[in-house]
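Text of the file target.csv, holding CSV, C-alpha atoms:
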chain,number,residue,atom,x,y,z
A,1,MET,CA,-166.3,-45.4,-46.8
A,2,SER,CA,-166.9,-43.9,-43.4
A,3,GLN,CA,-167.7,-40.2,-43.4
A,4,ASP,CA,-167.0,-39.9,-39.7
A,5,ASP,CA,-164.6,-37.1,-38.7
A,6,PRO,CA,-161.0,-38.3,-39.0
A,7,VAL,CA,-159.1,-38.9,-35.8
A,8,MET,CA,-156.1,-36.6,-35.2
A,9,ARG,CA,-152.9,-37.6,-33.6
A,10,ALA,CA,-149.3,-36.3,-33.5
A,11,ALA,CA,-147.2,-37.3,-36.4
A,12,THR,CA,-144.3,-39.6,-35.7
A,13,PRO,CA,-141.2,-40.4,-37.8
A,14,ALA,CA,-142.9,-43.6,-38.8
A,15,ASP,CA,-145.5,-41.5,-40.7
A,16,ALA,CA,-142.9,-40.0,-43.0
A,17,ALA,CA,-143.7,-42.1,-46.0
A,18,ALA,CA,-147.5,-41.6,-45.7
A,19,VAL,CA,-147.0,-37.8,-45.1
A,20,TRP,CA,-144.8,-37.6,-48.2
A,21,SER,CA,-147.4,-39.4,-50.3
A,22,ILE,CA,-149.9,-36.7,-49.4
A,23,LEU,CA,-147.5,-33.7,-49.8
A,24,ALA,CA,-145.9,-34.8,-53.0
A,25,PRO,CA,-148.8,-34.3,-55.4
A,26,VAL,CA,-149.5,-30.9,-53.9
A,27,ILE,CA,-145.9,-29.7,-54.1
A,28,ARG,CA,-145.4,-31.1,-57.6
A,29,ALA,CA,-148.6,-29.3,-58.8
A,30,GLY,CA,-147.4,-26.0,-57.5
A,31,GLU,CA,-150.9,-24.5,-57.4
A,32,THR,CA,-151.5,-23.8,-53.7
A,33,TYR,CA,-148.2,-23.7,-51.7
A,34,ALA,CA,-145.2,-21.4,-52.3
A,35,LEU,CA,-142.7,-24.3,-52.2
A,36,PRO,CA,-140.4,-25.4,-55.0
A,37,ARG,CA,-142.2,-27.8,-57.3
A,38,ASP,CA,-139.1,-29.9,-57.5
A,39,MET,CA,-138.6,-30.0,-53.7
A,40,SER,CA,-137.0,-33.3,-52.6
A,41,GLU,CA,-138.8,-35.7,-50.3
A,42,ALA,CA,-136.1,-35.1,-47.7
A,43,ASP,CA,-136.4,-31.3,-47.8
A,44,ALA,CA,-140.2,-31.5,-47.8
A,45,LEU,CA,-140.3,-33.7,-44.8
A,46,ALA,CA,-137.7,-31.6,-43.0
A,47,TYR,CA,-140.0,-28.6,-43.6
A,48,TRP,CA,-143.3,-30.3,-42.7
A,49,LEU,CA,-142.0,-32.2,-39.7
A,50,GLY,CA,-139.6,-29.4,-38.6
A,51,GLY,CA,-138.6,-29.0,-35.0
A,52,ASP,CA,-140.1,-25.5,-34.9
A,53,ARG,CA,-143.7,-26.9,-35.2
A,54,GLN,CA,-146.1,-29.6,-34.1
A,55,THR,CA,-147.3,-31.8,-36.9
A,56,PHE,CA,-150.5,-33.9,-36.9
A,57,VAL,CA,-152.0,-36.5,-39.1
A,58,ALA,CA,-155.7,-37.2,-39.7
A,59,VAL,CA,-156.6,-40.9,-39.7
A,60,ARG,CA,-159.7,-42.4,-41.1
A,61,ASP,CA,-160.3,-46.1,-41.6
A,62,ALA,CA,-156.8,-46.7,-40.4
A,63,ARG,CA,-155.3,-44.6,-43.2
A,64,ILE,CA,-153.6,-41.2,-43.0
A,65,VAL,CA,-155.8,-39.0,-45.1
A,66,GLY,CA,-154.4,-35.5,-44.2
A,67,THR,CA,-151.7,-33.7,-42.3
A,68,TYR,CA,-151.2,-30.3,-40.8
A,69,PHE,CA,-148.6,-28.3,-38.8
A,70,LEU,CA,-149.1,-25.7,-36.1
A,71,ARG,CA,-146.3,-23.2,-35.2
A,72,PRO,CA,-145.9,-19.6,-34.0
A,73,ASN,CA,-146.3,-17.3,-37.0
A,74,GLN,CA,-143.5,-15.1,-35.8
A,75,ALA,CA,-140.8,-15.2,-33.2
A,76,GLY,CA,-140.3,-12.9,-30.2
A,77,GLY,CA,-143.1,-10.2,-30.0
A,78,GLY,CA,-145.1,-12.0,-32.6
A,79,SER,CA,-145.2,-15.5,-31.1
A,80,HIS,CA,-148.7,-15.2,-29.7
A,81,VAL,CA,-150.2,-15.7,-33.2
A,82,ALA,CA,-150.3,-19.3,-34.6
A,83,ASN,CA,-149.8,-20.4,-38.2
A,84,CYS,CA,-150.9,-23.6,-39.8
A,85,GLY,CA,-150.5,-25.5,-43.1
A,86,TYR,CA,-152.9,-28.3,-44.1
A,87,VAL,CA,-152.8,-30.8,-46.9
A,88,THR,CA,-155.5,-33.4,-47.6
A,89,ASP,CA,-155.0,-36.6,-49.6
A,90,ALA,CA,-155.8,-35.6,-53.1
A,91,ALA,CA,-158.0,-38.7,-53.6
A,92,ARG,CA,-160.2,-37.7,-50.6
A,93,GLU,CA,-160.8,-34.0,-51.1
A,94,GLY,CA,-164.3,-32.6,-50.3
A,95,ARG,CA,-165.0,-35.1,-47.5
A,96,GLY,CA,-164.5,-32.8,-44.5
A,97,ILE,CA,-160.9,-33.7,-43.8
A,98,ALA,CA,-159.5,-30.2,-44.1
A,99,ARG,CA,-162.4,-28.8,-42.0
A,100,ALA,CA,-161.7,-31.4,-39.3
A,101,MET,CA,-158.0,-30.6,-39.3
A,102,CYS,CA,-158.7,-26.8,-39.1
A,103,ALA,CA,-161.1,-27.3,-36.2
A,104,HIS,CA,-158.6,-29.4,-34.4
A,105,SER,CA,-155.8,-26.9,-35.0
A,106,LEU,CA,-158.0,-24.1,-33.6
A,107,ARG,CA,-158.5,-26.1,-30.4
A,108,MET,CA,-154.9,-27.0,-30.1
A,109,ALA,CA,-153.8,-23.4,-30.7
A,110,ARG,CA,-156.3,-22.0,-28.2
A,111,ASP,CA,-155.2,-24.6,-25.6
A,112,ALA,CA,-151.5,-23.7,-26.2
A,113,GLY,CA,-152.3,-20.0,-25.4
A,114,PHE,CA,-152.2,-18.5,-28.9
A,115,ARG,CA,-154.4,-15.4,-29.2
A,116,ALA,CA,-155.1,-15.7,-33.0
A,117,MET,CA,-154.3,-17.7,-36.0
A,118,GLN,CA,-153.1,-16.4,-39.3
A,119,PHE,CA,-152.5,-17.8,-42.8
A,120,ASN,CA,-149.9,-15.7,-44.6
A,121,PHE,CA,-150.2,-16.9,-48.2
A,122,VAL,CA,-153.6,-18.3,-49.3
A,123,VAL,CA,-153.5,-18.4,-53.1
A,124,ALA,CA,-156.5,-16.4,-54.2
A,125,THR,CA,-157.5,-18.8,-56.9
A,126,ASN,CA,-157.7,-21.6,-54.3
A,127,ASP,CA,-161.5,-21.1,-53.9
A,128,ARG,CA,-162.1,-24.2,-51.9
A,129,ALA,CA,-159.5,-23.2,-49.3
A,130,VAL,CA,-160.6,-19.5,-49.2
A,131,GLY,CA,-164.3,-20.6,-48.8
A,132,LEU,CA,-163.4,-23.1,-46.1
A,133,TRP,CA,-161.3,-20.7,-44.1
A,134,ARG,CA,-164.1,-18.0,-44.3
A,135,SER,CA,-166.6,-20.6,-43.0
A,136,MET,CA,-164.2,-21.3,-40.1
A,137,GLY,CA,-164.3,-17.7,-39.1
A,138,PHE,CA,-161.2,-16.3,-40.9
A,139,GLU,CA,-161.2,-12.9,-42.6
A,140,VAL,CA,-159.0,-11.5,-45.3
A,141,ILE,CA,-156.8,-8.9,-43.7
A,142,GLY,CA,-154.4,-8.4,-46.6
A,143,ARG,CA,-154.1,-9.1,-50.3
A,144,GLN,CA,-150.6,-9.5,-51.9
A,145,PRO,CA,-150.9,-8.4,-55.5
A,146,GLU,CA,-149.7,-10.9,-58.1
A,147,ALA,CA,-147.7,-12.6,-55.3
A,148,PHE,CA,-148.0,-16.1,-56.7
A,149,LEU,CA,-147.1,-17.5,-60.1
A,150,HIS,CA,-149.7,-20.1,-60.8
A,151,PRO,CA,-148.7,-22.7,-63.4
A,152,GLU,CA,-152.1,-22.3,-65.2
A,153,HIS,CA,-153.4,-18.8,-64.3
A,154,GLY,CA,-150.1,-16.9,-64.3
A,155,TYR,CA,-149.6,-14.2,-61.6
A,156,VAL,CA,-152.4,-14.2,-59.1
A,157,ASP,CA,-152.9,-12.6,-55.7
A,158,ALA,CA,-152.3,-14.2,-52.3
A,159,LEU,CA,-154.4,-13.5,-49.3
A,160,VAL,CA,-153.5,-13.0,-45.6
A,161,MET,CA,-156.3,-14.6,-43.5
A,162,HIS,CA,-156.8,-14.2,-39.8
A,163,ARG,CA,-159.1,-15.0,-36.9
A,164,ALA,CA,-159.0,-14.3,-33.2
A,165,LEU,CA,-159.0,-17.2,-30.8
A,166,SER,CA,-161.2,-16.4,-27.8
B,1,MET,CA,-119.4,14.2,-39.8
B,2,SER,CA,-120.1,13.6,-43.5
B,3,GLN,CA,-123.7,13.4,-44.6
B,4,ASP,CA,-122.8,11.9,-47.9
B,5,ASP,CA,-124.8,8.8,-48.8
B,6,PRO,CA,-123.2,5.7,-47.3
B,7,VAL,CA,-121.4,3.3,-49.6
B,8,MET,CA,-123.0,-0.1,-49.8
B,9,ARG,CA,-121.0,-3.3,-50.2
B,10,ALA,CA,-121.7,-7.1,-49.6
B,11,ALA,CA,-121.2,-8.2,-46.0
B,12,THR,CA,-118.3,-10.6,-45.3
B,13,PRO,CA,-117.6,-12.9,-42.4
B,14,ALA,CA,-115.1,-10.3,-41.2
B,15,ASP,CA,-118.1,-7.9,-40.6
B,16,ALA,CA,-119.8,-10.1,-38.1
B,17,ALA,CA,-118.7,-8.2,-35.0
B,18,ALA,CA,-119.8,-4.9,-36.5
B,19,VAL,CA,-123.1,-6.3,-37.7
B,20,TRP,CA,-123.8,-7.7,-34.3
B,21,SER,CA,-123.0,-4.4,-32.6
B,22,ILE,CA,-125.8,-2.8,-34.8
B,23,LEU,CA,-128.3,-5.7,-34.5
B,24,ALA,CA,-127.9,-6.3,-30.7
B,25,PRO,CA,-129.6,-3.1,-29.4
B,26,VAL,CA,-132.5,-3.5,-31.8
B,27,ILE,CA,-133.0,-7.2,-30.9
B,28,ARG,CA,-132.7,-6.5,-27.2
B,29,ALA,CA,-135.1,-3.6,-27.3
B,30,GLY,CA,-137.8,-5.8,-29.0
B,31,GLU,CA,-139.7,-2.9,-30.3
B,32,THR,CA,-139.4,-3.3,-34.1
B,33,TYR,CA,-138.4,-6.9,-35.1
B,34,ALA,CA,-140.3,-10.1,-34.2
B,35,LEU,CA,-137.1,-11.8,-33.0
B,36,PRO,CA,-136.5,-13.2,-29.5
B,37,ARG,CA,-135.2,-10.4,-27.3
B,38,ASP,CA,-132.7,-12.8,-25.8
B,39,MET,CA,-131.5,-14.1,-29.2
B,40,SER,CA,-127.8,-15.1,-29.0
B,41,GLU,CA,-125.2,-13.4,-31.1
B,42,ALA,CA,-124.6,-16.7,-33.0
B,43,ASP,CA,-128.3,-17.2,-33.8
B,44,ALA,CA,-128.7,-13.5,-34.8
B,45,LEU,CA,-125.7,-13.7,-37.2
B,46,ALA,CA,-126.9,-17.0,-38.6
B,47,TYR,CA,-130.2,-15.4,-39.3
B,48,TRP,CA,-128.9,-12.0,-40.7
B,49,LEU,CA,-126.1,-13.5,-42.7
B,50,GLY,CA,-128.0,-16.7,-43.7
B,51,GLY,CA,-127.3,-18.6,-46.9
B,52,ASP,CA,-130.8,-17.9,-48.2
B,53,ARG,CA,-130.1,-14.2,-48.5
B,54,GLN,CA,-127.7,-11.5,-49.7
B,55,THR,CA,-126.5,-9.2,-46.9
B,56,PHE,CA,-125.0,-5.8,-47.3
B,57,VAL,CA,-123.4,-3.2,-45.0
B,58,ALA,CA,-123.6,0.6,-45.3
B,59,VAL,CA,-120.3,2.3,-44.8
B,60,ARG,CA,-119.7,5.9,-44.0
B,61,ASP,CA,-116.4,7.5,-42.9
B,62,ALA,CA,-114.9,4.0,-42.9
B,63,ARG,CA,-117.5,2.8,-40.3
B,64,ILE,CA,-120.3,0.3,-40.7
B,65,VAL,CA,-123.4,2.3,-39.9
B,66,GLY,CA,-126.2,0.0,-41.1
B,67,THR,CA,-126.9,-3.4,-42.6
B,68,TYR,CA,-129.7,-5.0,-44.6
B,69,PHE,CA,-130.6,-8.3,-46.2
B,70,LEU,CA,-132.4,-9.1,-49.5
B,71,ARG,CA,-134.0,-12.5,-50.1
B,72,PRO,CA,-137.0,-14.0,-51.9
B,73,ASN,CA,-140.1,-13.5,-49.7
B,74,GLN,CA,-141.5,-16.9,-50.6
B,75,ALA,CA,-140.1,-20.0,-52.3
B,76,GLY,CA,-141.5,-21.7,-55.5
B,77,GLY,CA,-144.4,-19.7,-57.0
B,78,GLY,CA,-143.7,-16.8,-54.7
B,79,SER,CA,-140.0,-16.3,-55.4
B,80,HIS,CA,-140.5,-13.3,-57.7
B,81,VAL,CA,-141.2,-11.0,-54.8
B,82,ALA,CA,-138.3,-9.7,-52.7
B,83,ASN,CA,-138.1,-9.2,-48.9
B,84,CYS,CA,-135.6,-7.1,-47.0
B,85,GLY,CA,-134.8,-6.2,-43.4
B,86,TYR,CA,-132.8,-3.1,-42.5
B,87,VAL,CA,-131.1,-2.0,-39.3
B,88,THR,CA,-129.3,1.3,-38.7
B,89,ASP,CA,-126.7,2.0,-36.1
B,90,ALA,CA,-128.8,3.4,-33.2
B,91,ALA,CA,-126.4,6.3,-32.7
B,92,ARG,CA,-126.8,7.4,-36.3
B,93,GLU,CA,-130.6,7.3,-36.9
B,94,GLY,CA,-132.2,10.1,-38.8
B,95,ARG,CA,-129.2,10.7,-41.1
B,96,GLY,CA,-130.5,9.0,-44.3
B,97,ILE,CA,-128.8,5.7,-43.8
B,98,ALA,CA,-132.1,3.6,-43.9
B,99,ARG,CA,-133.3,5.5,-46.9
B,100,ALA,CA,-130.0,4.9,-48.7
B,101,MET,CA,-130.1,1.2,-47.8
B,102,CYS,CA,-133.7,0.9,-49.1
B,103,ALA,CA,-132.9,2.7,-52.3
B,104,HIS,CA,-129.9,0.4,-52.9
B,105,SER,CA,-132.0,-2.7,-52.1
B,106,LEU,CA,-134.7,-1.6,-54.6
B,107,ARG,CA,-132.0,-1.4,-57.3
B,108,MET,CA,-130.5,-4.7,-56.3
B,109,ALA,CA,-133.9,-6.4,-56.3
B,110,ARG,CA,-134.8,-4.9,-59.7
B,111,ASP,CA,-131.5,-6.0,-61.2
B,112,ALA,CA,-132.0,-9.5,-59.8
B,113,GLY,CA,-135.3,-9.7,-61.6
B,114,PHE,CA,-137.7,-9.4,-58.7
B,115,ARG,CA,-141.1,-8.0,-59.7
B,116,ALA,CA,-142.0,-6.5,-56.3
B,117,MET,CA,-140.8,-6.0,-52.8
B,118,GLN,CA,-142.8,-6.7,-49.6
B,119,PHE,CA,-142.2,-6.2,-45.9
B,120,ASN,CA,-144.3,-8.7,-44.0
B,121,PHE,CA,-144.2,-7.3,-40.5
B,122,VAL,CA,-143.8,-3.6,-40.0
B,123,VAL,CA,-144.8,-2.8,-36.4
B,124,ALA,CA,-147.5,-0.1,-36.7
B,125,THR,CA,-146.0,2.0,-33.9
B,126,ASN,CA,-142.7,2.3,-35.8
B,127,ASP,CA,-143.7,5.6,-37.3
B,128,ARG,CA,-140.2,6.4,-38.6
B,129,ALA,CA,-140.1,3.1,-40.6
B,130,VAL,CA,-143.7,3.4,-41.8
B,131,GLY,CA,-143.2,6.9,-43.0
B,132,LEU,CA,-139.9,6.1,-44.7
B,133,TRP,CA,-141.3,3.2,-46.6
B,134,ARG,CA,-144.3,5.2,-47.7
B,135,SER,CA,-142.0,7.9,-49.0
B,136,MET,CA,-140.1,5.1,-50.9
B,137,GLY,CA,-143.3,4.1,-52.7
B,138,PHE,CA,-144.6,1.3,-50.4
B,139,GLU,CA,-148.3,0.9,-49.7
B,140,VAL,CA,-150.0,-0.8,-46.8
B,141,ILE,CA,-151.7,-3.9,-48.3
B,142,GLY,CA,-152.5,-5.6,-45.0
B,143,ARG,CA,-152.9,-5.0,-41.3
B,144,GLN,CA,-152.4,-7.8,-38.8
B,145,PRO,CA,-154.5,-6.9,-35.7
B,146,GLU,CA,-152.6,-7.0,-32.4
B,147,ALA,CA,-149.9,-9.1,-34.0
B,148,PHE,CA,-147.0,-7.7,-32.1
B,149,LEU,CA,-146.5,-7.5,-28.3
B,150,HIS,CA,-144.6,-4.2,-27.9
B,151,PRO,CA,-142.7,-4.0,-24.6
B,152,GLU,CA,-144.1,-0.5,-23.9
B,153,HIS,CA,-147.4,-0.2,-25.9
B,154,GLY,CA,-148.7,-3.8,-25.5
B,155,TYR,CA,-150.4,-5.5,-28.4
B,156,VAL,CA,-150.1,-3.4,-31.5
B,157,ASP,CA,-150.9,-4.0,-35.2
B,158,ALA,CA,-148.3,-5.1,-37.8
B,159,LEU,CA,-148.5,-3.9,-41.4
B,160,VAL,CA,-147.8,-5.7,-44.7
B,161,MET,CA,-146.2,-3.1,-47.0
B,162,HIS,CA,-145.6,-3.6,-50.7
B,163,ARG,CA,-144.3,-1.9,-53.8
B,164,ALA,CA,-144.0,-3.0,-57.4
B,165,LEU,CA,-140.6,-2.8,-59.1
B,166,SER,CA,-140.9,-1.6,-62.7
Transcribe the structure of this file into structure tokens.
Amino acid sequence: MSQDDPVMRAATPADAAAVWSILAPVIRAGETYALPRDMSEADALAYWLGGDRQTFVAVRDARIVGTYFLRPNQAGGGSHVANCGYVTDAAREGRGIARAMCAHSLRMARDAGFRAMQFNFVVATNDRAVGLWRSMGFEVIGRQPEAFLHPEHGYVDALVMHRALS
Amino acid sequence: MSQDDPVMRAATPADAAAVWSILAPVIRAGETYALPRDMSEADALAYWLGGDRQTFVAVRDARIVGTYFLRPNQAGGGSHVANCGYVTDAAREGRGIARAMCAHSLRMARDAGFRAMQFNFVVATNDRAVGLWRSMGFEVIGRQPEAFLHPEHGYVDALVMHRALS
């Protein structure tokens, strides 16, 4: 299998089934995103492909292997900070897809004029994500005590992570 | 004028005009909430009275003098932490209304089974709010650098404030 960086493109309605196939195991597992584990496909797609955000897919070897969204983290006086969510195909973790999506999102956010990017709720036990975001220049600027009920670990902290774009 | 604690009750659709009269100056000023300064009345009421939250009004001398909402701060594994937003009638600030609303919300949240309460975006220049929340037992657990564009002070920090309910 090719280990080239995946190609990013805007998601379209025709990608819905592929996007859901990537989101579903992550939502059902309930270990990394604060979304209802029983969230319906329709609700999940309405969230991920919502009109308040840009959604992208990562394509490698003609397959969608990841997806992310980019949106303002707050409205009004907070709209100069970007927020993203990323999900990689569970069968293809550890192959640089999340890193490639994050790098793309940082470029897109900078080009769109955002001054910073923030992740509001990084589950502290998600070591792979925390390490990756740190390696991409993000710092922990807040720790929410016992903010996430992990199905295996119980109540665990959630981190706020931030980096400037300049 | 009476300085008795205001009475709290659930907001009803009939309160919409009074709620908007309290929200409007705060939204238009753009100094404390990350909402669009030109937000329409309909959009503001849809937000403040949304189906995903409980909304209350504070009544003193038969007038609505404040309003707040209570909701889960996150979905799924984060739904045991509450979030609130409070607005006091601008003509009646400094008379204990915000404190009474916060005290009521802490009781309501505890009774509803929430384990903690968190405010995600307290503008750091909002000294009155920051001091009040500290006096109510909240601690700063995160600082978002230059996260808010204040119309007078420029880019200022926003705080994440938290307290346990037990």
Give me, as a Markdown table, the closest atom pair and its distance (Å, one decimal) for every residue of chain B within a cut-off of 8 Å of chain A, counting all atoms listed in the file, rows sorted by chain and rising number.
| residue | atom | partner | partner_atom | distance |
| --- | --- | --- | --- | --- |
| B:Gly30 | CA | A:Gly77 | CA | 7.0 |
| B:Tyr33 | CA | A:Gly77 | CA | 7.7 |
| B:Ala34 | CA | A:Gly76 | CA | 4.9 |
| B:Leu35 | CA | A:Gly76 | CA | 4.4 |
| B:Pro36 | CA | A:Gly76 | CA | 3.9 |
| B:Arg37 | CA | A:Gly76 | CA | 6.4 |
| B:Gln74 | CA | A:Ala34 | CA | 6.1 |
| B:Ala75 | CA | A:Leu35 | CA | 5.0 |
| B:Gly76 | CA | A:Pro36 | CA | 3.9 |
| B:Gly77 | CA | A:Leu149 | CA | 4.7 |
| B:Gly78 | CA | A:Phe148 | CA | 4.8 |
| B:Ser79 | CA | A:Ala34 | CA | 7.9 |
| B:His80 | CA | A:Ala147 | CA | 7.6 |
| B:Val81 | CA | A:Ala147 | CA | 6.7 |
| B:Ile141 | CA | A:Gly142 | CA | 5.5 |
| B:Gly142 | CA | A:Gly142 | CA | 3.7 |
| B:Arg143 | CA | A:Ile141 | CA | 6.0 |
| B:Gln144 | CA | A:Ile141 | CA | 6.7 |
| B:Ala147 | CA | A:Gly78 | CA | 5.8 |
| B:Phe148 | CA | A:Gly78 | CA | 4.7 |
| B:Leu149 | CA | A:Gly77 | CA | 4.7 |
| B:His150 | CA | A:Gly77 | CA | 6.5 |
| B:Val160 | CA | A:Gly142 | CA | 7.4 |
| B:His162 | CA | A:Gln144 | CA | 7.8 |
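Interatomic distance, atom CA of His104 of chain A against atom CA of Gln54 of chain A: 12.5 Å.
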Give as a count of residues only the set of residues within 12 Å of the point (-162.4, -25.1, -38.1), where distances use the file's coordinates and only C-alpha atoms.
28
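Coordinates place atom CA of Ala112 of chain B at a distance of 24.0 Å from atom CA of Val19 of chain B.
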Two-atom distance - atom CA of Ile22 of chain A, atom CA of Pro72 of chain A (Å)
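That distance, rounded to one decimal, is 23.4 Å.
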Expected answer as a PyMOL selection string: all residues with atoms within 10 Å of (-143.1, -36.8, -41.9), only C-alpha atoms
chain A and resi 11-21+23+41-42+44-50+55-57+67
With distances taken over only C-alpha atoms, which residue among A:Phe69, A:Asp127, A:Ala58, A:Glu152 lies nearest Thr88 of chain A?
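Selected residue with least distance to Thr88 of chain A: A:Ala58.
Distances from A:Ala82, A:Ala10, A:Ala124, A:Ile64 to His153 of chain A were compared using only C-alpha atoms, and the smallest one belongs to A:Ala124.
Distance annotation: of B:Val122, B:Val26, B:Val7, B:Val87, the residue with the minimal separation from Asp61 of chain B is B:Val7; atom set is only C-alpha atoms.
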